[in-house]
Amino acid sequence: MFNLLKTAVLMAAITALFMALGAMMGGRQGMMLALIVALGMNFFSYWFSDKLVLKMYSAQEVDETSAPQFYRMVRDLAQRAELPMPKVYLINEDAPNAFATGRNPEHAAVAATTGILRVLSERELRGVMAHELAHVKHRDILISTVSATMAGAISMLANFAMFFGGRNSEGRSTNPIVGLLVMILAPLAASLIQMAISRAREFEADRGGAEISGDPQALASALQKIHRISQGIPMEAAERHPETAQMMIMNPLSAGGLRGLFSTHPSTEERVEKLLAMAAGRA
């Protein structure tokens, strides 16, 4: 129930941003048009955003024939989590990372890069995929997928508003300085919404993933290894679509400027500390 409430709050906030941009571009008529567009985007995001994100990353679906060991691992973890078998995808990227998407456990998908399969041990990879299935089990995959799609649309609309200028309710051109501020602040506001939801969600998925795999230390080790290796390997698809970064198990973006300041992920050190404490409690 709480996750449904979070989704509703997210959609309301994104809709408000759309309406504010619409008002800047075309006054009252622009605001109403933006409301219609936002409602359409929310509908689209609910039904199709998972497919859009997978396409952004050129993810290829695999099965027990094309990726037998990986597929069987996901199937075993899904059974342990008492979840329906999700669709399984591989992304041809050297950067080690993974994410889950879909609108509910019955329509879920998990994706991992070829890089993460190469650098992690089987035990560590189980921890990572259990983390992704925890996102599915907690029913928060819709939130991350919708926010990724809508944040990208907000950025595009803000740039459009800056390029073409705006109109107030009397039809007069808006101050160009105001337009510049809107172009900067609207995407930033969308990022802050993502950040507020994503950080707490990652801790919960770490805890849930450790419970599903039964091995908190393996997930802690995987996070440390991903953090260390990914520093020198850019994830090109994520750099092209930064709004999707909060879906990943580890922030795939370069940490410079505002990207580092407004990271959607908690620090790796803090996540590892919590997992090791969890492991110690089980000993």
# chains A, B, ... in the order shown; residues from 1 in each chain; ligands from 1
>>> residues_around(residues="region 129-139 of chain A", least_positions_apart="5", cutoff="9 Å", atoms="only C-alpha atoms", output="PDB file with C-alpha atoms, in the first residue's frame")
ATOM      1  CA  ASN A   3       4.538   1.801  -2.469  1.00  0.00           C
ATOM      2  CA  LEU A   4       1.273   2.601  -4.260  1.00  0.00           C
ATOM      3  CA  MET A  73      20.460 -18.717 -11.146  1.00  0.00           C
ATOM      4  CA  VAL A  74      17.656 -16.184 -11.578  1.00  0.00           C
ATOM      5  CA  LEU A  77      16.420 -17.040  -6.656  1.00  0.00           C
ATOM      6  CA  ALA A  78      12.909 -16.249  -7.901  1.00  0.00           C
ATOM      7  CA  ALA A  81      11.698 -15.294  -3.121  1.00  0.00           C
ATOM      8  CA  GLU A  82       8.336 -16.904  -4.030  1.00  0.00           C
ATOM      9  CA  LEU A  83       8.111 -14.755  -7.162  1.00  0.00           C
ATOM     10  CA  PRO A  86      10.851 -12.725 -14.553  1.00  0.00           C
ATOM     11  CA  ALA A  98      22.258  -4.619 -13.186  1.00  0.00           C
ATOM     12  CA  PHE A  99      18.669  -3.455 -12.781  1.00  0.00           C
ATOM     13  CA  ALA A 100      15.058  -4.651 -12.532  1.00  0.00           C
ATOM     14  CA  THR A 101      12.071  -3.185 -14.313  1.00  0.00           C
ATOM     15  CA  GLY A 102       8.381  -3.817 -14.942  1.00  0.00           C
ATOM     16  CA  ARG A 103       5.047  -2.723 -13.490  1.00  0.00           C
ATOM     17  CA  ASN A 104       4.559  -5.641 -11.057  1.00  0.00           C
ATOM     18  CA  PRO A 105       6.002  -9.068 -10.164  1.00  0.00           C
ATOM     19  CA  ALA A 108       8.926  -8.054 -14.327  1.00  0.00           C
ATOM     20  CA  ALA A 109      12.324  -8.256 -15.986  1.00  0.00           C
ATOM     21  CA  VAL A 110      15.860  -8.335 -14.645  1.00  0.00           C
ATOM     22  CA  ALA A 111      18.859  -7.243 -16.690  1.00  0.00           C
ATOM     23  CA  ALA A 112      22.592  -7.511 -16.136  1.00  0.00           C
ATOM     24  CA  GLU A 124      28.544 -12.453  -5.655  1.00  0.00           C
ATOM     25  CA  ARG A 201      14.726   1.890  -1.669  1.00  0.00           C
ATOM     26  CA  GLU A 202      18.305   0.706  -2.220  1.00  0.00           C
ATOM     27  CA  GLU A 204      15.627  -2.064   1.516  1.00  0.00           C
ATOM     28  CA  ALA A 205      16.631  -3.995  -1.613  1.00  0.00           C
ATOM     29  CA  ASP A 206      20.054  -4.747  -0.102  1.00  0.00           C
ATOM     30  CA  ARG A 207      18.364  -6.151   2.998  1.00  0.00           C
ATOM     31  CA  GLY A 208      15.800  -8.072   0.959  1.00  0.00           C
ATOM     32  CA  GLY A 209      18.429  -9.393  -1.444  1.00  0.00           C
ATOM     33  CA  ALA A 210      20.558 -10.637   1.440  1.00  0.00           C
ATOM     34  CA  GLU A 211      17.535 -12.474   2.832  1.00  0.00           C
ATOM     35  CA  ILE A 212      16.662 -14.036  -0.536  1.00  0.00           C
ATOM     36  CA  SER A 213      20.214 -15.239  -1.211  1.00  0.00           C
ATOM     37  CA  LEU A 219      26.280  -8.908  -1.754  1.00  0.00           C
ATOM     38  CA  MET A 248      20.931   0.434 -11.361  1.00  0.00           C
ATOM     39  CA  ILE A 249      22.365  -1.436  -8.398  1.00  0.00           C
TER      40      ILE A 249
END
>>> closest_atom_pairs(of="region 73-126 of chain A", to="region 220-244 of chain A", cutoff="12 Å", atoms="only C-alpha atoms", output="JSON lines")
{"residue": "A:Ile91", "atom": "CA", "partner": "A:Ala237", "partner_atom": "CA", "distance": 9.8}
{"residue": "A:Asn92", "atom": "CA", "partner": "A:Ala237", "partner_atom": "CA", "distance": 10.1}
{"residue": "A:Glu93", "atom": "CA", "partner": "A:Met235", "partner_atom": "CA", "distance": 6.9}
{"residue": "A:Asp94", "atom": "CA", "partner": "A:Ile233", "partner_atom": "CA", "distance": 7.0}
{"residue": "A:Ala95", "atom": "CA", "partner": "A:Ile233", "partner_atom": "CA", "distance": 5.4}
{"residue": "A:Pro96", "atom": "CA", "partner": "A:Ile226", "partner_atom": "CA", "distance": 6.0}
{"residue": "A:Asn97", "atom": "CA", "partner": "A:Ile226", "partner_atom": "CA", "distance": 7.3}
{"residue": "A:Ala98", "atom": "CA", "partner": "A:Ile226", "partner_atom": "CA", "distance": 10.3}
{"residue": "A:Phe99", "atom": "CA", "partner": "A:Thr244", "partner_atom": "CA", "distance": 9.8}
{"residue": "A:Ala100", "atom": "CA", "partner": "A:Thr244", "partner_atom": "CA", "distance": 11.3}
{"residue": "A:Thr101", "atom": "CA", "partner": "A:Thr244", "partner_atom": "CA", "distance": 10.8}
{"residue": "A:Thr113", "atom": "CA", "partner": "A:Met235", "partner_atom": "CA", "distance": 9.8}
{"residue": "A:Thr114", "atom": "CA", "partner": "A:Met235", "partner_atom": "CA", "distance": 11.8}
{"residue": "A:Gly115", "atom": "CA", "partner": "A:Ser230", "partner_atom": "CA", "distance": 9.6}
{"residue": "A:Ile116", "atom": "CA", "partner": "A:Ile226", "partner_atom": "CA", "distance": 7.7}
{"residue": "A:Leu117", "atom": "CA", "partner": "A:Ile226", "partner_atom": "CA", "distance": 11.0}
{"residue": "A:Arg118", "atom": "CA", "partner": "A:Ile226", "partner_atom": "CA", "distance": 11.2}
{"residue": "A:Val119", "atom": "CA", "partner": "A:Lys225", "partner_atom": "CA", "distance": 8.1}
{"residue": "A:Leu120", "atom": "CA", "partner": "A:Ala222", "partner_atom": "CA", "distance": 6.7}
{"residue": "A:Ser121", "atom": "CA", "partner": "A:Ala222", "partner_atom": "CA", "distance": 8.4}
{"residue": "A:Glu122", "atom": "CA", "partner": "A:Ala222", "partner_atom": "CA", "distance": 10.1}
{"residue": "A:Arg123", "atom": "CA", "partner": "A:Ala222", "partner_atom": "CA", "distance": 8.8}
{"residue": "A:Glu124", "atom": "CA", "partner": "A:Ala222", "partner_atom": "CA", "distance": 5.0}
{"residue": "A:Leu125", "atom": "CA", "partner": "A:Ala222", "partner_atom": "CA", "distance": 7.1}
{"residue": "A:Arg126", "atom": "CA", "partner": "A:Ala222", "partner_atom": "CA", "distance": 9.3}
>>> write_last_selection(atoms="C-alpha atoms", output="compact mmCIF listing (two decimals), in the first residue's frame")
# COMPACT_ATOMS: atom_id res chain seq x y z
CA ILE A 91 23.24 -5.90 -21.86
CA ASN A 92 26.44 -5.86 -23.90
CA GLU A 93 28.34 -3.39 -21.70
CA ASP A 94 31.73 -3.77 -20.01
CA ALA A 95 30.65 -1.71 -17.00
CA PRO A 96 29.42 -4.04 -14.23
CA ASN A 97 25.80 -3.24 -13.34
CA ALA A 98 22.26 -4.62 -13.19
CA PHE A 99 18.67 -3.45 -12.78
CA ALA A 100 15.06 -4.65 -12.53
CA THR A 101 12.07 -3.19 -14.31
CA THR A 113 25.57 -6.35 -18.15
CA THR A 114 27.99 -8.83 -19.67
CA GLY A 115 30.65 -7.01 -17.67
CA ILE A 116 29.11 -7.93 -14.31
CA LEU A 117 28.94 -11.58 -15.31
CA ARG A 118 32.67 -11.52 -16.07
CA VAL A 119 33.96 -9.79 -12.94
CA LEU A 120 31.80 -11.29 -10.17
CA SER A 121 32.02 -14.75 -8.69
CA GLU A 122 28.90 -16.91 -8.84
CA ARG A 123 28.23 -16.23 -5.17
CA GLU A 124 28.54 -12.45 -5.66
CA LEU A 125 26.36 -12.50 -8.76
CA ARG A 126 23.66 -14.36 -6.82
>>> residues_around(residues="region 58-68 of chain A", least_positions_apart="2", cutoff="7 Å", atoms="only C-alpha atoms", output="tab-separated table (two decimals) with N, CA and C atoms, in the first residue's frame")
chain	number	residue	atom	x	y	z
A	54	LEU	N	14.52	-0.96	-21.47
A	54	LEU	CA	15.28	-2.09	-22.01
A	54	LEU	C	15.79	-1.79	-23.41
A	55	LYS	N	14.99	-1.07	-24.20
A	55	LYS	CA	15.43	-0.69	-25.54
A	55	LYS	C	16.56	0.32	-25.48
A	56	MET	N	16.50	1.26	-24.52
A	56	MET	CA	17.58	2.24	-24.36
A	56	MET	C	18.93	1.56	-24.17
A	70	PHE	N	23.24	-18.42	-15.98
A	70	PHE	CA	22.66	-17.19	-15.47
A	70	PHE	C	21.16	-17.32	-15.33
A	71	TYR	N	20.50	-17.89	-16.31
A	71	TYR	CA	19.05	-18.04	-16.29
A	71	TYR	C	18.62	-18.93	-15.13
A	72	ARG	N	19.34	-20.06	-14.93
A	72	ARG	CA	18.99	-20.97	-13.84
A	72	ARG	C	19.20	-20.30	-12.48
A	88	VAL	N	14.50	-12.41	-18.44
A	88	VAL	CA	15.92	-12.21	-18.13
A	88	VAL	C	16.60	-11.61	-19.36
A	89	TYR	N	17.39	-10.55	-19.13
A	89	TYR	CA	18.05	-9.84	-20.22
A	89	TYR	C	19.53	-9.67	-19.94
A	90	LEU	N	20.31	-9.61	-21.01
A	90	LEU	CA	21.72	-9.27	-20.94
A	90	LEU	C	21.96	-8.00	-21.73
A	91	ILE	N	22.87	-7.16	-21.22
A	91	ILE	CA	23.24	-5.90	-21.86
A	91	ILE	C	24.72	-5.98	-22.21
>>> atom_distance(atom1="CA of Leu142 (chain A)", atom2="CA of Tyr46 (chain A)")
7.2 Å
>>> closest_residue(among="A:Pro84, A:Ile36, A:Met31, A:His107", to="Lys51 (chain A)", atoms="only C-alpha atoms")
A:His107
>>> residues_around(residues="Lys274 (chain A)", least_positions_apart="2", cutoff="9 Å", atoms="only C-alpha atoms", output="PDB file with C-alpha atoms, in the first residue's frame")
ATOM      1  CA  PHE A 203      18.840  -0.058   1.459  1.00  0.00           C
ATOM      2  CA  ASP A 206      20.054  -4.747  -0.102  1.00  0.00           C
ATOM      3  CA  ARG A 207      18.364  -6.151   2.998  1.00  0.00           C
ATOM      4  CA  ALA A 220      28.614  -6.690   0.288  1.00  0.00           C
ATOM      5  CA  GLU A 269      30.549   2.170   2.271  1.00  0.00           C
ATOM      6  CA  GLU A 270      27.257   2.684   4.085  1.00  0.00           C
ATOM      7  CA  ARG A 271      25.535  -0.078   2.170  1.00  0.00           C
ATOM      8  CA  VAL A 272      28.386  -2.512   2.834  1.00  0.00           C
ATOM      9  CA  LEU A 276      28.111  -6.780   7.170  1.00  0.00           C
ATOM     10  CA  ALA A 277      26.193  -5.865  10.316  1.00  0.00           C
ATOM     11  CA  MET A 278      23.353  -8.014   9.044  1.00  0.00           C
ATOM     12  CA  ALA A 279      25.786 -10.897   8.450  1.00  0.00           C
TER      13      ALA A 279
END
>>> closest_residue(among="A:Ala200, A:Val9, A:Val128, A:Ala16", to="His265 (chain A)", atoms="only C-alpha atoms")
A:Ala200
>>> closest_residue(among="A:Met247, A:Gln29, A:Thr268, A:Pro252", to="Asp50 (chain A)", atoms="only C-alpha atoms")
A:Met247
>>> atom_distance(atom1="CA of Glu106 (chain A)", atom2="CA of Ser49 (chain A)")
15.4 Å
>>> closest_residue(among="A:Pro216, A:Asp140, A:Met85, A:Thr15", to="Phe43 (chain A)", atoms="only C-alpha atoms")
A:Thr15
